[in-house]
>>> print(open('upload.txt').read())   # compact mmCIF, C-alpha atoms
# COMPACT_ATOMS: atom_id res chain seq x y z
CA PRO A 22 15.96 -34.66 -0.84
CA HIS A 23 18.48 -36.27 1.39
CA ALA A 24 19.50 -36.74 4.98
CA CYS A 25 23.07 -36.63 6.23
CA VAL A 26 23.98 -39.27 8.81
CA PRO A 27 26.93 -38.05 10.92
CA LEU A 28 29.90 -40.40 11.06
CA GLY A 29 31.66 -38.56 13.85
CA PRO A 30 31.27 -35.82 16.45
CA PRO A 31 29.97 -32.37 15.45
CA PRO A 32 30.28 -29.99 13.78
CA HIS A 33 28.86 -31.49 10.61
CA ALA A 34 28.44 -29.83 7.24
CA HIS A 35 27.66 -30.63 3.64
CA ARG A 36 27.94 -28.63 0.45
CA ALA A 37 25.73 -28.66 -2.61
CA VAL A 38 25.74 -27.30 -6.14
CA CYS A 39 22.45 -25.90 -7.43
CA LEU A 40 22.17 -25.41 -11.19
CA SER A 41 19.35 -24.07 -13.31
CA GLY A 42 17.91 -26.51 -15.83
CA ARG A 43 19.51 -24.62 -18.72
CA THR A 44 22.94 -24.50 -17.08
CA PHE A 45 22.73 -28.19 -16.22
CA ARG A 46 21.87 -29.13 -19.81
CA ASP A 47 24.66 -26.92 -21.19
CA MET A 48 27.27 -28.35 -18.83
CA ALA A 49 26.01 -31.91 -19.25
CA GLY A 50 26.27 -31.52 -23.01
CA THR A 51 29.88 -30.40 -22.64
CA ALA A 52 30.56 -33.32 -20.32
CA ALA A 53 29.05 -35.79 -22.78
CA ARG A 54 31.20 -34.47 -25.61
CA ASP A 55 34.32 -34.72 -23.44
CA ALA A 56 33.51 -38.21 -22.16
CA ALA A 57 36.38 -39.70 -24.13
CA ASP A 58 38.92 -37.54 -22.28
CA ASP A 59 41.40 -39.07 -19.87
CA ALA A 60 39.46 -37.70 -16.86
CA PRO A 61 39.02 -40.19 -14.00
CA GLY A 62 35.48 -41.48 -13.75
CA ASP A 63 35.06 -40.35 -10.15
CA ALA A 64 32.36 -37.73 -9.66
CA ALA A 65 33.23 -37.28 -5.98
CA ALA A 66 36.88 -36.52 -6.79
CA TRP A 67 35.90 -33.92 -9.37
CA LEU A 68 33.38 -32.35 -6.99
CA ARG A 69 36.11 -32.14 -4.36
CA CYS A 70 38.32 -30.45 -6.94
CA PHE A 71 35.50 -28.06 -7.83
CA PHE A 72 34.98 -26.98 -4.20
CA GLU A 73 38.73 -26.56 -3.71
CA LEU A 74 38.74 -24.22 -6.71
CA VAL A 75 35.75 -22.34 -5.28
CA ASP A 76 37.52 -21.93 -1.93
CA ALA A 77 40.64 -20.71 -3.72
CA ASP A 78 38.57 -18.22 -5.74
CA ALA A 79 39.90 -19.80 -8.94
CA PRO A 80 38.83 -18.45 -12.35
CA ALA A 81 35.27 -19.27 -13.34
CA GLN A 82 36.35 -21.35 -16.34
CA ALA A 83 38.46 -23.64 -14.16
CA ARG A 84 35.58 -24.16 -11.77
CA ARG A 85 33.17 -24.78 -14.64
CA THR A 86 35.52 -27.35 -16.17
CA ALA A 87 35.85 -29.26 -12.90
CA LEU A 88 32.08 -29.29 -12.42
CA ALA A 89 31.52 -30.47 -15.99
CA LYS A 90 34.00 -33.30 -15.36
CA ALA A 91 32.03 -34.26 -12.24
CA LEU A 92 28.80 -34.34 -14.23
CA GLY A 93 30.49 -36.36 -16.96
CA ALA A 94 31.50 -38.98 -14.39
CA LEU A 95 27.88 -39.59 -13.39
CA PRO A 96 26.36 -42.72 -14.94
CA GLY A 97 23.34 -42.21 -17.18
CA LEU A 98 23.96 -38.50 -17.65
CA PRO A 99 23.00 -38.34 -21.36
CA GLU A 100 19.59 -39.82 -20.51
CA ALA A 101 19.10 -37.30 -17.73
CA THR A 102 19.44 -34.37 -20.13
CA VAL A 103 16.74 -35.55 -22.55
CA TRP A 104 13.05 -35.09 -21.82
CA PRO A 105 11.16 -38.43 -22.05
CA GLY A 106 9.46 -38.68 -25.41
CA GLY A 107 11.17 -35.55 -26.65
CA ASP A 108 9.80 -32.05 -26.56
CA PRO A 109 12.17 -29.85 -28.56
CA ALA A 110 9.62 -27.10 -29.09
CA GLY A 111 9.20 -26.70 -25.33
CA GLY A 112 12.90 -26.82 -24.55
CA GLY A 113 12.48 -30.17 -22.82
CA VAL A 114 9.70 -28.94 -20.50
CA ARG A 115 6.05 -29.94 -20.66
CA ALA A 116 3.76 -26.99 -19.85
CA GLU A 117 1.28 -29.30 -18.09
CA VAL A 118 3.94 -30.58 -15.70
CA GLU A 119 5.16 -27.07 -14.93
CA ARG A 120 1.56 -26.07 -14.27
CA ALA A 121 1.18 -29.02 -11.90
CA ALA A 122 4.38 -28.09 -10.04
CA SER A 123 3.23 -24.49 -9.64
CA TYR A 124 -0.13 -25.67 -8.34
CA LEU A 125 1.44 -28.08 -5.85
CA ALA A 126 3.85 -25.43 -4.60
CA GLY A 127 1.02 -22.97 -4.05
CA GLN A 128 -1.29 -25.50 -2.41
CA ALA A 129 1.34 -27.51 -0.51
CA ARG A 130 0.00 -26.57 2.92
CA ARG A 131 -3.25 -28.47 2.30
CA ASN A 132 -1.54 -31.37 0.48
CA PRO A 133 -3.66 -31.72 -2.70
CA SER A 134 -4.24 -35.21 -4.07
CA LEU A 135 -2.70 -36.55 -7.26
CA ASP A 136 -6.14 -36.74 -8.89
CA GLU A 137 -6.86 -33.09 -8.10
CA THR A 138 -3.47 -31.97 -9.37
CA ALA A 139 -3.84 -34.04 -12.54
CA ARG A 140 -7.22 -32.43 -13.28
CA HIS A 141 -5.66 -29.00 -12.81
CA ALA A 142 -2.79 -29.88 -15.16
CA GLY A 143 -5.02 -31.52 -17.77
CA LEU A 144 -3.33 -34.93 -17.58
CA SER A 145 -4.25 -38.35 -16.29
CA PRO A 146 -2.89 -39.14 -12.80
CA PHE A 147 -0.65 -41.90 -14.15
CA HIS A 148 0.74 -39.72 -16.94
CA LEU A 149 1.34 -36.80 -14.59
CA HIS A 150 3.11 -39.00 -12.05
CA ARG A 151 5.45 -40.41 -14.70
CA LEU A 152 6.28 -37.08 -16.34
CA PHE A 153 6.55 -35.24 -13.04
CA ALA A 154 9.07 -37.73 -11.65
CA ALA A 155 11.09 -37.52 -14.86
CA ARG A 156 11.08 -33.71 -14.77
CA PHE A 157 11.84 -33.11 -11.09
CA GLY A 158 13.31 -36.39 -9.86
CA LEU A 159 10.49 -36.54 -7.30
CA ALA A 160 7.01 -37.98 -7.21
CA PRO A 161 4.32 -35.31 -6.74
CA HIS A 162 3.73 -36.34 -3.12
CA ALA A 163 7.44 -36.04 -2.30
CA PHE A 164 7.52 -32.67 -4.05
CA VAL A 165 4.67 -31.43 -1.85
CA MET A 166 6.39 -32.71 1.28
CA ARG A 167 9.54 -30.82 0.33
CA GLN A 168 7.52 -27.62 -0.12
CA ARG A 169 5.82 -28.11 3.26
CA LEU A 170 9.15 -28.66 4.96
CA ARG A 171 10.42 -25.45 3.36
CA LEU A 172 7.45 -23.60 4.84
CA ALA A 173 8.16 -25.11 8.24
CA LEU A 174 11.86 -24.31 8.02
CA ALA A 175 11.10 -20.70 7.17
CA ALA A 176 8.72 -20.53 10.14
CA LEU A 177 11.35 -21.92 12.51
CA GLU A 178 13.95 -19.49 11.22
CA ALA A 179 11.45 -16.65 11.72
CA GLY A 180 11.19 -17.53 15.41
CA HIS A 181 8.04 -19.65 15.55
CA SER A 182 7.87 -22.63 17.88
CA VAL A 183 7.98 -26.18 16.54
CA ALA A 184 4.25 -26.59 17.15
CA GLN A 185 3.49 -23.33 15.32
CA ALA A 186 5.74 -24.29 12.40
CA ALA A 187 3.95 -27.63 12.07
CA VAL A 188 0.57 -25.88 11.84
CA LEU A 189 1.80 -23.22 9.42
CA ALA A 190 3.17 -25.91 7.11
CA GLY A 191 -0.07 -27.91 7.20
CA PHE A 192 1.03 -30.92 9.24
CA ALA A 193 -1.79 -32.65 11.08
CA ASP A 194 0.25 -33.17 14.22
CA GLN A 195 3.66 -32.30 15.62
CA SER A 196 4.92 -35.90 15.73
CA HIS A 197 4.35 -36.34 11.99
CA PHE A 198 6.15 -33.06 11.34
CA THR A 199 9.06 -34.09 13.57
CA ARG A 200 9.48 -37.42 11.74
CA GLN A 201 9.44 -35.82 8.31
CA PHE A 202 11.74 -32.97 9.34
CA ARG A 203 14.30 -35.32 10.86
CA ARG A 204 14.23 -37.56 7.80
CA ALA A 205 14.91 -34.60 5.50
CA VAL A 206 17.23 -32.43 7.61
CA GLY A 207 18.95 -35.01 9.80
CA VAL A 208 17.99 -33.47 13.15
CA THR A 209 14.72 -32.89 15.01
CA PRO A 210 13.01 -29.51 14.69
CA GLY A 211 13.69 -28.81 18.38
CA ARG A 212 17.40 -29.42 17.95
CA PHE A 213 17.42 -27.29 14.82
CA VAL A 214 15.80 -24.42 16.73
CA ARG A 215 18.40 -24.68 19.50
CA THR A 216 21.19 -24.20 16.95
CA GLN A 217 19.68 -20.95 15.66
CA PRO A 218 20.58 -17.47 17.02
CA LYS A 219 18.00 -16.37 19.53
CA ALA A 220 15.48 -13.86 18.23
CA ALA A 221 13.37 -11.52 20.31
CA GLY A 222 10.11 -13.15 21.31
CA ARG A 223 11.14 -16.61 20.10
CA SER A 224 9.31 -19.52 21.68
CA ASP A 225 11.27 -22.77 21.40
CA GLY A 226 8.77 -25.58 21.17
CA ALA A 227 9.85 -29.12 22.01
>>> encode(input="upload.txt", output="C-alpha cells")
Amino acid sequence: PHACVPLGPPPHAHRAVCLSGRTFRDMAGTAARDAADDAPGDAAAWLRCFFELVDADAPAQARRTALAKALGALPGLPEATVWPGGDPAGGGVRAEVERAASYLAGQARRNPSLDETARHAGLSPFHLHRLFAARFGLAPHAFVMRQRLRLALAALEAGHSVAQAAVLAGFADQSHFTRQFRRAVGVTPGRFVRTQPKAAGRSDGA
C-alpha cells in the first residue's frame, strides 16, 4: 500500500510491477546468484531500464534480466525470499496463514477481529500476526483495509456514489472512508469519481 504525493502539476502517474510469489522467488534467486556482477546497485535505475524496455517492446529475456537486476539491487532480498522458520514442504507458504488471508478477504466488509481470524486459522493471535506480516508484508488489519478499499474502488468505478461505496465496503461513516481512501490512493473519493468517464445513472457523491 502506498500513496503518491504529487511534486508538480497534473497529470500524475505511477507504474508498478506485480509478480506472482513463484515468479518473484525465481527471479530473486537469479538476482542473488548474479549479485557479484558489475551491475550498479540502484534499483530505481534498473526499474527505469525495465520500463523503457517494456515501452520499446523489447524481447522478454531482456526485460526479465533488467527486472532481476532491479530486484538484486534491493537490500535484504535473500531474506525476503525465505519463509520464516522454513517450510520447504509447503513451498514457503503456511496453510494456516493462507486460510486466514482467504477468510479476511471474504469477510473484509465486516472487518473481523484478529482473535476471530486466528481461531479460524488455528493459530494464536500473536503467531498469526507475525506470520501474516512476513507472508504478505501487511498486518492483518492493514490487509483487511486494503480489501475494503478495493471493494469501494470497484463500487465507485461501477457508478455508485461515494456514500454508497462507503456502505458497500463496510465503512461506518463517509468521513472515515474518505480519510482511508485518500491515504491509499492519493486523492479523495469525490475527486476520483470526477476523473472517471460518466456512466448512465451515475450519482456523484461528495
>>> closest_residue(input="upload.txt", among="A:Cys39, A:Gly207, A:Gly127, A:Val118", to="A:Leu88", atoms="only C-alpha atoms")
A:Cys39
>>> atom_distance(input="upload.txt", atom1="atom CA of A:Phe72", atom2="atom CA of A:Leu40")
14.7 Å
>>> atom_distance(input="upload.txt", atom1="atom CA of A:Val75", atom2="atom CA of A:Ala94")
19.4 Å
>>> closest_residue(input="upload.txt", among="A:Phe213, A:His35, A:Leu135, A:Arg151", to="A:Ala175", atoms="all atoms listed in the file")
A:Phe213
>>> atom_distance(input="upload.txt", atom1="atom CA of A:Ala176", atom2="atom CA of A:Thr199")
14.0 Å
>>> residues_around(input="upload.txt", residues="A:Gln168", least_positions_apart="6", cutoff="9 Å", atoms="all atoms listed in the file", output="NGL selection string")
:A and (125-127 or 129-130 or 190)
>>> residues_near_point(input="upload.txt", point="(11.1, -33.3, -8.7)", cutoff="12 Å", atoms="only C-alpha atoms", output="list in words")
Pro22, Gly42, Val118, Glu119, Ala121, Ala122, Ser123, Leu125, Ala126, Leu149, His150, Arg151, Leu152, Phe153, Ala154, Ala155, Arg156, Phe157, Gly158, Leu159, Ala160, Pro161, His162, Ala163, Phe164, Val165, Met166, Arg167 and Gln168 of chain A
>>> write_last_selection(input="upload.txt", atoms="C-alpha atoms", output="PDB file, keeping the file's coordinate frame")
ATOM      1  CA  PRO A  22      15.960 -34.660  -0.840  1.00  0.00           C
ATOM      2  CA  GLY A  42      17.910 -26.510 -15.830  1.00  0.00           C
ATOM      3  CA  VAL A 118       3.940 -30.580 -15.700  1.00  0.00           C
ATOM      4  CA  GLU A 119       5.160 -27.070 -14.930  1.00  0.00           C
ATOM      5  CA  ALA A 121       1.180 -29.020 -11.900  1.00  0.00           C
ATOM      6  CA  ALA A 122       4.380 -28.090 -10.040  1.00  0.00           C
ATOM      7  CA  SER A 123       3.230 -24.490  -9.640  1.00  0.00           C
ATOM      8  CA  LEU A 125       1.440 -28.080  -5.850  1.00  0.00           C
ATOM      9  CA  ALA A 126       3.850 -25.430  -4.600  1.00  0.00           C
ATOM     10  CA  LEU A 149       1.340 -36.800 -14.590  1.00  0.00           C
ATOM     11  CA  HIS A 150       3.110 -39.000 -12.050  1.00  0.00           C
ATOM     12  CA  ARG A 151       5.450 -40.410 -14.700  1.00  0.00           C
ATOM     13  CA  LEU A 152       6.280 -37.080 -16.340  1.00  0.00           C
ATOM     14  CA  PHE A 153       6.550 -35.240 -13.040  1.00  0.00           C
ATOM     15  CA  ALA A 154       9.070 -37.730 -11.650  1.00  0.00           C
ATOM     16  CA  ALA A 155      11.090 -37.520 -14.860  1.00  0.00           C
ATOM     17  CA  ARG A 156      11.080 -33.710 -14.770  1.00  0.00           C
ATOM     18  CA  PHE A 157      11.840 -33.110 -11.090  1.00  0.00           C
ATOM     19  CA  GLY A 158      13.310 -36.390  -9.860  1.00  0.00           C
ATOM     20  CA  LEU A 159      10.490 -36.540  -7.300  1.00  0.00           C
ATOM     21  CA  ALA A 160       7.010 -37.980  -7.210  1.00  0.00           C
ATOM     22  CA  PRO A 161       4.320 -35.310  -6.740  1.00  0.00           C
ATOM     23  CA  HIS A 162       3.730 -36.340  -3.120  1.00  0.00           C
ATOM     24  CA  ALA A 163       7.440 -36.040  -2.300  1.00  0.00           C
ATOM     25  CA  PHE A 164       7.520 -32.670  -4.050  1.00  0.00           C
ATOM     26  CA  VAL A 165       4.670 -31.430  -1.850  1.00  0.00           C
ATOM     27  CA  MET A 166       6.390 -32.710   1.280  1.00  0.00           C
ATOM     28  CA  ARG A 167       9.540 -30.820   0.330  1.00  0.00           C
ATOM     29  CA  GLN A 168       7.520 -27.620  -0.120  1.00  0.00           C
TER      30      GLN A 168
END
>>> residues_near_point(input="upload.txt", point="(35.2, -30.3, -9.7)", cutoff="6 Å", atoms="only C-alpha atoms", output="list in words")
Trp67, Leu68, Arg69, Cys70, Phe71, Ala87, Leu88 and Ala91 of chain A
>>> write_last_selection(input="upload.txt", atoms="C-alpha atoms", output="PDB file, in the frame of the given file")
ATOM      1  CA  TRP A  67      35.900 -33.920  -9.370  1.00  0.00           C
ATOM      2  CA  LEU A  68      33.380 -32.350  -6.990  1.00  0.00           C
ATOM      3  CA  ARG A  69      36.110 -32.140  -4.360  1.00  0.00           C
ATOM      4  CA  CYS A  70      38.320 -30.450  -6.940  1.00  0.00           C
ATOM      5  CA  PHE A  71      35.500 -28.060  -7.830  1.00  0.00           C
ATOM      6  CA  ALA A  87      35.850 -29.260 -12.900  1.00  0.00           C
ATOM      7  CA  LEU A  88      32.080 -29.290 -12.420  1.00  0.00           C
ATOM      8  CA  ALA A  91      32.030 -34.260 -12.240  1.00  0.00           C
TER       9      ALA A  91
END
